[in-house]
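Novice: Quick one, run_35.txt (compact mmCIF, C-alpha atoms):
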```txt
# COMPACT_ATOMS: atom_id res chain seq x y z
CA MET A 1 91.69 -62.44 -37.78
CA VAL A 2 91.08 -62.37 -41.53
CA ILE A 3 89.02 -64.74 -43.66
CA GLY A 4 89.97 -64.97 -47.30
CA LEU A 5 87.60 -66.41 -49.89
CA ASP A 6 88.34 -67.58 -53.42
CA ILE A 7 84.95 -68.11 -55.06
CA GLY A 8 85.28 -70.07 -58.27
CA GLY A 9 82.86 -71.60 -60.72
CA THR A 10 82.91 -75.03 -59.09
CA LYS A 11 83.98 -74.44 -55.50
CA THR A 12 84.60 -71.87 -52.80
CA ARG A 13 87.79 -72.00 -50.77
CA GLY A 14 87.92 -70.24 -47.44
CA VAL A 15 91.03 -69.70 -45.35
CA ARG A 16 91.05 -68.27 -41.84
CA PHE A 17 94.24 -66.38 -41.07
CA GLU A 18 95.28 -65.45 -37.54
CA ASP A 19 98.18 -63.00 -37.39
CA GLY A 20 99.12 -64.09 -40.91
CA HIS A 21 99.06 -67.81 -40.14
CA VAL A 22 96.56 -70.33 -41.54
CA VAL A 23 94.37 -71.76 -38.78
CA ALA A 24 91.61 -73.23 -40.97
CA ASP A 25 91.33 -74.09 -44.67
CA ILE A 26 87.93 -75.24 -45.92
CA VAL A 27 86.38 -76.00 -49.33
CA ALA A 28 82.63 -75.86 -50.01
CA GLY A 29 80.43 -75.56 -53.08
CA SER A 30 80.49 -72.55 -55.37
CA ALA A 31 79.03 -69.28 -54.13
CA ASN A 32 79.30 -67.65 -57.53
CA VAL A 33 75.80 -66.63 -58.59
CA GLN A 34 76.82 -66.89 -62.25
CA ASN A 35 77.07 -70.63 -61.71
CA VAL A 36 74.58 -71.44 -58.94
CA SER A 37 71.37 -69.87 -57.70
CA GLN A 38 71.48 -67.18 -55.05
CA GLU A 39 69.87 -69.62 -52.63
CA GLN A 40 72.51 -72.27 -53.31
CA ALA A 41 75.28 -69.70 -52.99
CA ALA A 42 73.91 -68.64 -49.60
CA GLU A 43 73.72 -72.27 -48.46
CA ASN A 44 77.29 -72.96 -49.54
CA LEU A 45 78.58 -69.85 -47.77
CA ALA A 46 76.68 -70.81 -44.62
CA GLU A 47 78.30 -74.25 -44.71
CA LEU A 48 81.74 -72.73 -45.27
CA PHE A 49 81.50 -70.23 -42.41
CA GLY A 50 79.97 -72.89 -40.19
CA ARG A 51 83.18 -74.87 -40.59
CA LEU A 52 85.58 -71.90 -40.60
CA GLY A 53 83.93 -70.21 -37.65
CA ASN A 54 82.51 -66.70 -37.72
CA GLN A 55 83.52 -65.46 -34.28
CA GLY A 56 86.34 -62.99 -33.72
CA VAL A 57 86.67 -62.16 -37.42
CA ASP A 58 88.05 -58.68 -38.11
CA ARG A 59 87.88 -58.68 -41.90
CA VAL A 60 86.66 -60.72 -44.86
CA TYR A 61 88.32 -60.35 -48.25
CA ALA A 62 86.80 -62.25 -51.17
CA GLY A 63 87.69 -62.70 -54.81
CA ALA A 64 85.15 -64.04 -57.30
CA GLY A 65 84.60 -64.30 -61.01
CA GLY A 66 81.92 -62.11 -62.55
CA ILE A 67 82.55 -59.10 -60.32
CA ASP A 68 82.23 -56.52 -63.06
CA THR A 69 80.45 -53.66 -61.28
CA ALA A 70 80.12 -52.17 -57.82
CA GLU A 71 76.63 -53.66 -57.75
CA ASP A 72 78.04 -57.15 -58.35
CA ALA A 73 80.46 -56.69 -55.47
CA ALA A 74 77.77 -55.33 -53.14
CA ALA A 75 75.41 -58.23 -53.88
CA LEU A 76 78.03 -60.84 -53.06
CA ALA A 77 79.17 -58.91 -49.99
CA ALA A 78 75.57 -58.99 -48.73
CA LEU A 79 75.49 -62.79 -49.02
CA ILE A 80 78.78 -63.04 -47.14
CA ASN A 81 77.71 -60.57 -44.45
CA ALA A 82 74.70 -62.74 -43.65
CA CYS A 83 77.26 -65.24 -42.33
CA VAL A 84 79.45 -62.70 -40.51
CA PRO A 85 77.16 -59.79 -39.54
CA GLY A 86 78.88 -56.46 -39.09
CA VAL A 87 82.30 -57.62 -40.31
CA PRO A 88 83.92 -55.33 -42.93
CA THR A 89 83.88 -57.22 -46.23
CA THR A 90 85.69 -56.46 -49.47
CA VAL A 91 84.77 -58.21 -52.72
CA VAL A 92 86.96 -57.97 -55.83
CA HIS A 93 87.37 -59.80 -59.11
CA ASP A 94 89.30 -63.01 -58.44
CA SER A 95 92.12 -62.02 -60.77
CA ARG A 96 93.23 -59.52 -58.11
CA LEU A 97 93.83 -62.40 -55.73
CA LEU A 98 95.96 -64.08 -58.36
CA LEU A 99 98.24 -61.09 -58.93
CA ALA A 100 98.78 -60.66 -55.20
CA ALA A 101 99.39 -64.38 -54.70
CA GLY A 102 102.11 -64.10 -57.33
CA GLY A 103 103.86 -61.54 -55.13
CA ALA A 104 103.34 -58.69 -57.57
CA ARG A 105 101.93 -55.24 -56.82
CA THR A 106 101.83 -54.34 -60.51
CA GLY A 107 101.47 -56.47 -63.62
CA VAL A 108 98.77 -58.61 -65.20
CA ALA A 109 97.15 -61.74 -63.80
CA VAL A 110 95.53 -64.25 -66.14
CA ILE A 111 92.90 -66.70 -64.92
CA ALA A 112 92.71 -69.99 -66.81
CA GLY A 113 90.18 -72.15 -65.02
CA THR A 114 86.48 -72.81 -65.56
CA GLY A 115 86.47 -69.40 -67.25
CA SER A 116 89.18 -66.96 -68.29
CA ALA A 117 90.04 -63.31 -67.73
CA ALA A 118 92.99 -60.96 -67.39
CA TRP A 119 93.33 -58.07 -64.95
CA GLY A 120 96.21 -55.83 -64.07
CA LYS A 121 97.39 -52.53 -62.69
CA ASN A 122 100.39 -50.27 -63.17
CA ALA A 123 102.49 -48.17 -60.82
CA ASN A 124 100.07 -45.25 -61.20
CA GLY A 125 97.23 -47.38 -59.85
CA GLU A 126 95.49 -47.56 -63.22
CA GLU A 127 93.62 -50.81 -63.82
CA ALA A 128 92.79 -52.74 -66.97
CA ARG A 129 90.82 -55.87 -67.78
CA ALA A 130 90.52 -58.10 -70.82
CA GLY A 131 88.00 -60.88 -71.30
CA GLY A 132 86.01 -62.14 -68.36
CA TRP A 133 82.80 -61.75 -70.38
CA GLY A 134 81.40 -65.13 -69.42
CA TYR A 135 81.05 -68.33 -71.39
CA LEU A 136 78.44 -67.05 -73.88
CA LEU A 137 80.60 -64.13 -75.00
CA GLY A 138 84.15 -65.25 -74.31
CA ASP A 139 86.05 -67.43 -71.82
CA GLU A 140 88.51 -68.30 -74.58
CA GLY A 141 91.30 -70.61 -73.41
CA SER A 142 89.26 -71.82 -70.43
CA GLY A 143 88.12 -75.26 -69.33
CA TYR A 144 84.67 -74.50 -70.72
CA TRP A 145 86.16 -73.46 -74.07
CA LEU A 146 88.13 -76.71 -74.29
CA GLY A 147 85.06 -78.76 -73.37
CA ARG A 148 82.94 -77.02 -75.99
CA GLU A 149 85.63 -77.46 -78.63
CA ALA A 150 85.78 -81.18 -77.83
CA VAL A 151 82.07 -81.38 -78.67
CA ARG A 152 82.54 -79.36 -81.86
CA HIS A 153 85.46 -81.58 -82.90
CA SER A 154 83.36 -84.69 -82.38
CA LEU A 155 80.40 -83.32 -84.31
CA ALA A 156 82.61 -82.21 -87.20
CA ARG A 157 84.01 -85.73 -87.51
CA MET A 158 80.48 -87.10 -87.50
CA ASN A 159 79.45 -84.68 -90.27
CA ASP A 160 82.50 -85.79 -92.31
CA GLY A 161 81.51 -89.45 -91.94
CA LEU A 162 84.57 -90.29 -89.85
CA ASP A 163 84.64 -92.77 -87.01
CA PRO A 164 85.05 -91.43 -83.46
CA ASP A 165 88.70 -90.80 -82.61
CA GLN A 166 90.47 -90.87 -79.24
CA LEU A 167 89.00 -87.58 -78.03
CA THR A 168 85.49 -88.36 -79.20
CA GLU A 169 85.55 -91.83 -77.64
CA SER A 170 86.56 -90.42 -74.25
CA LEU A 171 83.91 -87.69 -74.52
CA LEU A 172 81.18 -90.21 -75.30
CA VAL A 173 82.18 -92.30 -72.28
CA ALA A 174 82.28 -89.26 -69.99
CA CYS A 175 78.85 -88.15 -71.21
CA ASN A 176 77.42 -91.69 -71.09
CA VAL A 177 76.15 -91.58 -74.68
CA ASP A 178 76.88 -93.91 -77.61
CA ASP A 179 76.62 -91.54 -80.57
CA PRO A 180 78.19 -88.10 -81.21
CA ASN A 181 74.82 -86.92 -82.52
CA LYS A 182 73.42 -87.20 -78.99
CA LEU A 183 75.95 -84.62 -77.79
CA ILE A 184 73.94 -81.86 -79.50
CA ALA A 185 70.85 -82.22 -77.32
CA MET A 186 72.99 -82.89 -74.27
CA PHE A 187 75.01 -79.72 -74.80
CA HIS A 188 71.86 -77.59 -74.97
CA SER A 189 70.09 -79.40 -72.12
CA PRO A 190 69.41 -77.51 -68.87
CA ASP A 191 70.71 -80.62 -67.11
CA THR A 192 74.25 -79.76 -68.17
CA GLY A 193 75.85 -76.38 -67.94
CA ARG A 194 79.04 -74.38 -67.79
CA ARG A 195 80.62 -76.40 -65.01
CA PHE A 196 79.85 -79.75 -66.62
CA TRP A 197 81.40 -78.84 -69.95
CA ALA A 198 84.36 -77.14 -68.28
CA GLN A 199 85.08 -80.43 -66.55
CA GLN A 200 85.23 -82.13 -69.96
CA GLY A 201 88.13 -79.85 -70.84
CA ARG A 202 90.36 -82.31 -68.98
CA LEU A 203 89.63 -84.86 -71.73
CA VAL A 204 91.27 -82.56 -74.28
CA VAL A 205 94.31 -82.12 -72.04
CA ASP A 206 94.61 -85.87 -71.46
CA ALA A 207 94.33 -86.62 -75.18
CA ALA A 208 96.87 -83.92 -76.03
CA GLU A 209 99.35 -85.31 -73.53
CA ALA A 210 98.81 -88.74 -75.07
CA GLY A 211 99.78 -87.36 -78.48
CA HIS A 212 96.37 -86.75 -80.09
CA GLN A 213 97.19 -84.06 -82.64
CA PRO A 214 93.81 -82.21 -82.79
CA SER A 215 93.79 -81.99 -78.99
CA LYS A 216 97.33 -80.64 -78.98
CA VAL A 217 96.19 -77.94 -81.42
CA LEU A 218 93.32 -76.99 -79.08
CA VAL A 219 95.52 -76.80 -75.98
CA ARG A 220 98.07 -74.67 -77.80
CA GLN A 221 95.30 -72.41 -79.11
CA ALA A 222 94.07 -72.00 -75.53
CA GLY A 223 97.52 -70.78 -74.49
CA GLN A 224 97.65 -68.34 -77.39
CA ASP A 225 94.18 -66.97 -76.62
CA LEU A 226 95.09 -66.44 -72.97
CA ALA A 227 98.27 -64.65 -74.03
CA ALA A 228 96.17 -62.37 -76.23
CA LEU A 229 94.10 -61.39 -73.18
CA ALA A 230 97.27 -60.60 -71.25
CA GLY A 231 98.62 -58.56 -74.14
CA ARG A 232 95.51 -56.38 -74.30
CA ALA A 233 95.71 -55.56 -70.61
CA LEU A 234 99.46 -54.87 -70.78
CA ARG A 235 99.09 -52.48 -73.69
CA LYS A 236 96.33 -50.54 -71.98
CA LEU A 237 98.47 -50.20 -68.86
CA GLY A 238 101.63 -49.33 -70.77
CA ILE A 239 103.73 -51.99 -69.03
CA ASP A 240 105.62 -55.09 -70.14
CA GLY A 241 105.00 -57.38 -67.17
CA PRO A 242 105.10 -59.32 -65.09
CA VAL A 243 102.36 -61.64 -66.33
CA ILE A 244 101.18 -64.25 -63.86
CA LEU A 245 99.21 -67.28 -65.06
CA GLY A 246 97.05 -69.12 -62.56
CA SER A 247 93.97 -71.23 -61.79
CA GLY A 248 93.49 -74.91 -62.57
CA LEU A 249 94.51 -75.07 -66.22
CA GLY A 250 97.09 -72.32 -65.93
CA MET A 251 98.91 -73.89 -63.00
CA ASN A 252 98.80 -77.51 -64.14
CA VAL A 253 98.94 -77.91 -67.93
CA THR A 254 102.52 -77.65 -69.18
CA MET A 255 101.58 -77.63 -72.87
CA LEU A 256 99.27 -74.66 -72.32
CA GLN A 257 101.93 -72.87 -70.26
CA ASP A 258 104.52 -73.32 -73.02
CA SER A 259 102.14 -71.97 -75.66
CA PHE A 260 101.26 -69.04 -73.39
CA ARG A 261 104.92 -68.14 -72.90
CA GLU A 262 105.75 -68.47 -76.59
CA ALA A 263 102.86 -66.26 -77.65
CA LEU A 264 103.80 -63.56 -75.14
CA GLU A 265 107.45 -63.74 -76.12
CA ALA A 266 106.34 -63.04 -79.68
CA GLN A 267 104.82 -59.82 -78.30
CA GLY A 268 108.12 -58.95 -76.57
CA ILE A 269 106.88 -59.99 -73.12
CA THR A 270 109.42 -62.16 -71.30
CA ASP A 271 108.58 -61.76 -67.59
CA VAL A 272 106.01 -64.57 -67.43
CA ARG A 273 105.39 -66.50 -64.22
CA ILE A 274 103.27 -69.51 -63.32
CA LEU A 275 101.50 -69.11 -60.00
CA ASP A 276 102.90 -71.54 -57.43
CA GLN A 277 100.31 -71.11 -54.68
CA ASP A 278 96.53 -70.88 -54.65
CA PRO A 279 95.12 -67.36 -55.26
CA VAL A 280 93.40 -67.19 -51.86
CA PHE A 281 96.81 -66.70 -50.26
CA GLY A 282 97.03 -63.34 -52.00
CA VAL A 283 94.46 -62.03 -49.52
CA LEU A 284 97.07 -61.10 -46.92
CA GLN A 285 98.92 -58.85 -49.38
CA LEU A 286 95.69 -57.19 -50.50
CA VAL A 287 94.67 -56.52 -46.91
CA ALA A 288 98.11 -55.05 -46.19
CA GLU A 289 97.89 -52.81 -49.29
CA SER A 290 94.46 -51.52 -48.27
CA ASP A 291 95.41 -50.70 -44.65
```
Now, as a test, write the supplied structure out as structure tokens.
Specialist:
Amino acid sequence: MVIGLDIGGTKTRGVRFEDGHVVADIVAGSANVQNVSQEQAAENLAELFGRLGNQGVDRVYAGAGGIDTAEDAAALAALINACVPGVPTTVVHDSRLLLAAGGARTGVAVIAGTGSAAWGKNANGEEARAGGWGYLLGDEGSGYWLGREAVRHSLARMNDGLDPDQLTESLLVACNVDDPNKLIAMFHSPDTGRRFWAQQGRLVVDAAEAGHQPSKVLVRQAGQDLAALAGRALRKLGIDGPVILGSGLGMNVTMLQDSFREALEAQGITDVRILDQDPVFGVLQLVAESD
């Protein structure tokens, strides 16, 4: 009996596997302490395990963003173990789940969701990462990046004396304000944060798909930036693929996927795959590899 956890910036997905088969699949709030308080993370995990069940569990394997050190992993494992005392628990960066869910033992996985990061390994077991520095230092190509750029676009138009365009109008409605100037205080307010602005990234995608040229430029730039992360990891590992793109934006935005592929092809990388199942289902492969 294995419980797999995919702990993202906005939600935590838990799947209970029995002999490799899914017997429970539950979603609760985020347990990522980069996005919620430790107390809230503990509450969300308690809710999740309360619904998944914590009896008869042999192993817990969790992937989460922001797992940059052994201390990060140990801290999250301690929160999880409070829900399943005594059960062996492994915590890794969530990009490892993505690579395994893509059916690859070697290669580079690229996360394009609330945040962004690339992680990979080669046949010698060497590992490499690129990005994953968090929204203040990076997260290029992510939902947060798109949301922030939507605000910057709107403010630039305001500074140039231009009327709100399609993207700005949708952003003002979503933020419930009537003037782009009010976005400045709202962006810096403690009442909004990384998750809120990442959710506004969808407005850029919607506008791009509707033909709004500045939004199309932003979505294509996101794909190029994500490809650059993949390229750094590939070069460090000395491999040319595969590259697996996943998470919410990566799995669902065709324009971003096309830009990602084109940018990697320009680097000579042609084995590019779009993840076709949620990363949490990579847990079974990771458990098998570790046994």
Novice: What's the 12 Å shell around Val217 of chain A, counting all atoms listed in the file, without same-chain residues fewer than 3 positions away, as a compact mmCIF listing (two decimals) with C-alpha atoms, keeping the file's coordinate frame?
Specialist:
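Result saved to selection07.txt:
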```
# COMPACT_ATOMS: atom_id res chain seq x y z
CA GLY A 141 91.30 -70.61 -73.41
CA LEU A 146 88.13 -76.71 -74.29
CA GLU A 149 85.63 -77.46 -78.63
CA ALA A 150 85.78 -81.18 -77.83
CA HIS A 153 85.46 -81.58 -82.90
CA VAL A 204 91.27 -82.56 -74.28
CA VAL A 205 94.31 -82.12 -72.04
CA ALA A 207 94.33 -86.62 -75.18
CA ALA A 208 96.87 -83.92 -76.03
CA GLU A 209 99.35 -85.31 -73.53
CA GLY A 211 99.78 -87.36 -78.48
CA HIS A 212 96.37 -86.75 -80.09
CA GLN A 213 97.19 -84.06 -82.64
CA PRO A 214 93.81 -82.21 -82.79
CA ARG A 220 98.07 -74.67 -77.80
CA GLN A 221 95.30 -72.41 -79.11
CA ALA A 222 94.07 -72.00 -75.53
CA GLY A 223 97.52 -70.78 -74.49
CA GLN A 224 97.65 -68.34 -77.39
CA MET A 255 101.58 -77.63 -72.87
CA LEU A 256 99.27 -74.66 -72.32
CA SER A 259 102.14 -71.97 -75.66
```
Novice: Rounded to one decimal place, report the atom CA of Phe281 of chain A-atom CA of Val110 of chain A distance in Å.
Specialist: 16.1 Å
Novice: For Val27 of chain A, which residue out of A:Tyr61, A:Gly147, A:Gly134, A:Val280 is the nearest one, using only C-alpha atoms?
Specialist: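 Selected residue with least distance to Val27 of chain A: A:Val280.
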Novice: Report as a ChimeraX atom specification all protein, DNA and RNA residues lying within 9 Å of Leu76 of chain A, evaluated on all atoms listed in the file, omitting residues in the same chain fewer than 2 positions from it.
Specialist: /A:31-33,64,67,71-74,78-81,91
Novice: So that I can see what lies close to segment 121-126 of chain A, please list as number ranges by chain the residues with an atom at most 9 Å from it, counting only C-alpha atoms and leaving out residues fewer than 2 positions away in the same chain.
Specialist: A: 105-108, 119, 128-129, 233-234, 237-239
Novice: From the set A:Ala156, A:Val253, A:Leu97, A:Leu264, which residue has the shortest atom-to-atom contact distance to Leu226 of chain A, counting only C-alpha atoms?
Specialist: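 Looking at the shortest contact to Leu226 of chain A, the residue is A:Leu264.
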Novice: Restricting the calculation to all atoms listed in the file, which member of A:Ala62, A:Ser142, A:Ala104, A:Leu229 is positioned closest to Ala263 of chain A?
Specialist: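 Checking each candidate against Ala263 of chain A, we get A:Leu229 as the closest.
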